[in-house]
Amino acid sequence: MSCRNKTLALTPEEIDFFANKAIKKPSTPLTKEAVLNKVIWGKTTDILPLLPENSVDLLITDPPYNLTKTYSKSAFYKQDKAEYEAFLDSWISLLKRVLKKNASLYICIDWTASSLVEKVASSYFKVRNRITWEREKGRGALQNWKNCSEDIWFFTNSDEYTFNLDNVKLKKKVLAPYRDEKGHPKDWDKEKFRLTAPSNLWTDISVPFWSMAENTPHPTQKPEKLIAKLILASSNPKDVVLDCFLGSGTTSVVAKKLNRDYIGIEQEKEYVAFAQKRLDIAEEKKTIQGYEDGFFWERNTQAFRKKQKKDIKK
């Protein structure tokens with residue numbers, strides 16, 4: 001296992017070095033030029049009021065879920081519903097001024113607090129959908145169903161918003177291929193794949209783990225493939241993507257790989273450093289696992305694709 005372990009690691013000296021590349025705890029209003037394509041090291045509720053108005057095209061964020069969990073040097077403790085609702089409102093209420101009229105928002109959450117995200121955010125924004133994605137991992141329970149799904153709530157700031165359907169189609173294997181009356185493939189290509197419109201149920205996502213180069217020590221890191229779907233669907237090149245709970249940097253890294261501008265806010269020094277390191281790596285490495293040739297591949301199709309290509313060459 002050790003020789004295949006690709007998890008990103010940083011020494012204490014590297015954490016200092018990369019964290020110091022970020023904008024550290026600003027206290028005065030920031031211009032768009034100052035924050036564009038930067039990581040801001042600070043608390044979300046302190047930083048959002050300092051961002052320029054009407055500057056963000058897309059928000060994607062993964063706040064602490066209502067669970068007791070340690071994040072680097074700090075911890076988030078499970079709260080009662082009223083307390084967690086107040087926590088959500090403390091930062092969601094600050095988003096309105098920084099978002100453009102045609103902006104979209106995606107907020108990640110688990111099932112235990114999903115209804116609270118919908119309740120709070122819908123008082124400021126328009127609800128469009130709820131995506132549920134399979135985490136593939138999860139602990140079994142003797143007296144309950146295994147929890148292996150999470151939600152992503154999709155909101156917009158108005159009825160004018162971007163949605164690029166063709167950019168997020170899924171390329172799936174054709175198990176029972178149809179042909180027309182002339183024997184030609186019907187709705188599939190010669191490699192026996194079909195392009196499928198995306199739904200709000202995603203079963204093609206692999207959670208980062210030790211053999212994936214995008215993996216970091218962050219306990220709740222989201223996959224680059226998942227974030228890529230949201231960015232490609234709801235933004236255009238050079239749009240500004242904001243993540244106000246950046247963690248180890250996935251949203252900003254994927255935005256950079258997909259030719260979007262980004263702003264990231266993160267309060268933990270260690271994760272700021274990982275974000276900066278990953279952004280440096282993204283200067284050269286633009287690939288996103290599971291996304292190839294402009295399409296998203298369903299999970300575990302790599303071996304099948306290789307076999308198909310060999311068969312075609314024969």
# chains A, B, ... in the order shown; residues from 1 in each chain; ligands from 1
>>> residues_around(residues="region 108-120 of chain A", least_positions_apart="6", cutoff="10 Å", atoms="only C-alpha atoms", output="VMD selection string")
chain A and resid 60 to 67 81 to 82 84 to 90 92 to 93 126 to 127 129 to 132 147 to 155 222
>>> select_by_dssp(residues="region 84-251 of chain A", states="helix (DSSP H, G or I)", output="ChimeraX atom specification")
/A:84-92,114-121,165-168,224-234,250-251
>>> residues_around(residues="region 57-59 of chain A", least_positions_apart="4", cutoff="10 Å", atoms="only C-alpha atoms", output="PyMOL selection string")
chain A and resi 95+98-107+154-157+161-162+230-231+234-236+238-244+251+261-263
>>> select_by_dssp(residues="region 57-265 of chain A", states="strand (DSSP E or B)", output="JSON, numbers by chain")
{"A": [57, 58, 59, 60, 61, 69, 70, 71, 74, 75, 76, 99, 100, 101, 102, 103, 104, 105, 106, 107, 108, 109, 126, 127, 128, 129, 130, 131, 132, 133, 134, 149, 150, 151, 152, 153, 154, 155, 156, 170, 171, 172, 173, 179, 185, 193, 194, 195, 196, 201, 202, 240, 241, 242, 243, 261, 262, 263, 264, 265]}
>>> atom_distance(atom1="CA of Asn5 (chain A)", atom2="CA of Trp210 (chain A)")
5.2 Å
>>> closest_residue(among="A:Lys192, A:Val168, A:Asp16, A:Leu36", to="Ser252 (chain A)", atoms="only C-alpha atoms")
A:Leu36
>>> atom_distance(atom1="CA of Phe296 (chain A)", atom2="CA of Leu201 (chain A)")
14.3 Å
>>> closest_residue(among="A:Asn54, A:Lys6, A:Lys38, A:Lys173", to="Pro208 (chain A)", atoms="only C-alpha atoms")
A:Lys6
>>> atom_distance(atom1="CA of Ser248 (chain A)", atom2="CA of Glu134 (chain A)")
21.0 Å
>>> closest_residue(among="A:Leu246, A:Val174, A:Leu30, A:Ile205", to="Lys225 (chain A)", atoms="only C-alpha atoms")
A:Ile205
>>> residues_around(residues="Glu268 (chain A)", least_positions_apart="5", cutoff="10 Å", atoms="only C-alpha atoms", output="PyMOL selection string")
chain A and resi 19+41-43+71-74+245-248+273
>>> residues_around(residues="Val253 (chain A)", least_positions_apart="2", cutoff="7 Å", atoms="only C-alpha atoms", output="NGL selection string")
:A and (249-251 or 255-257 or 278-279 or 282)
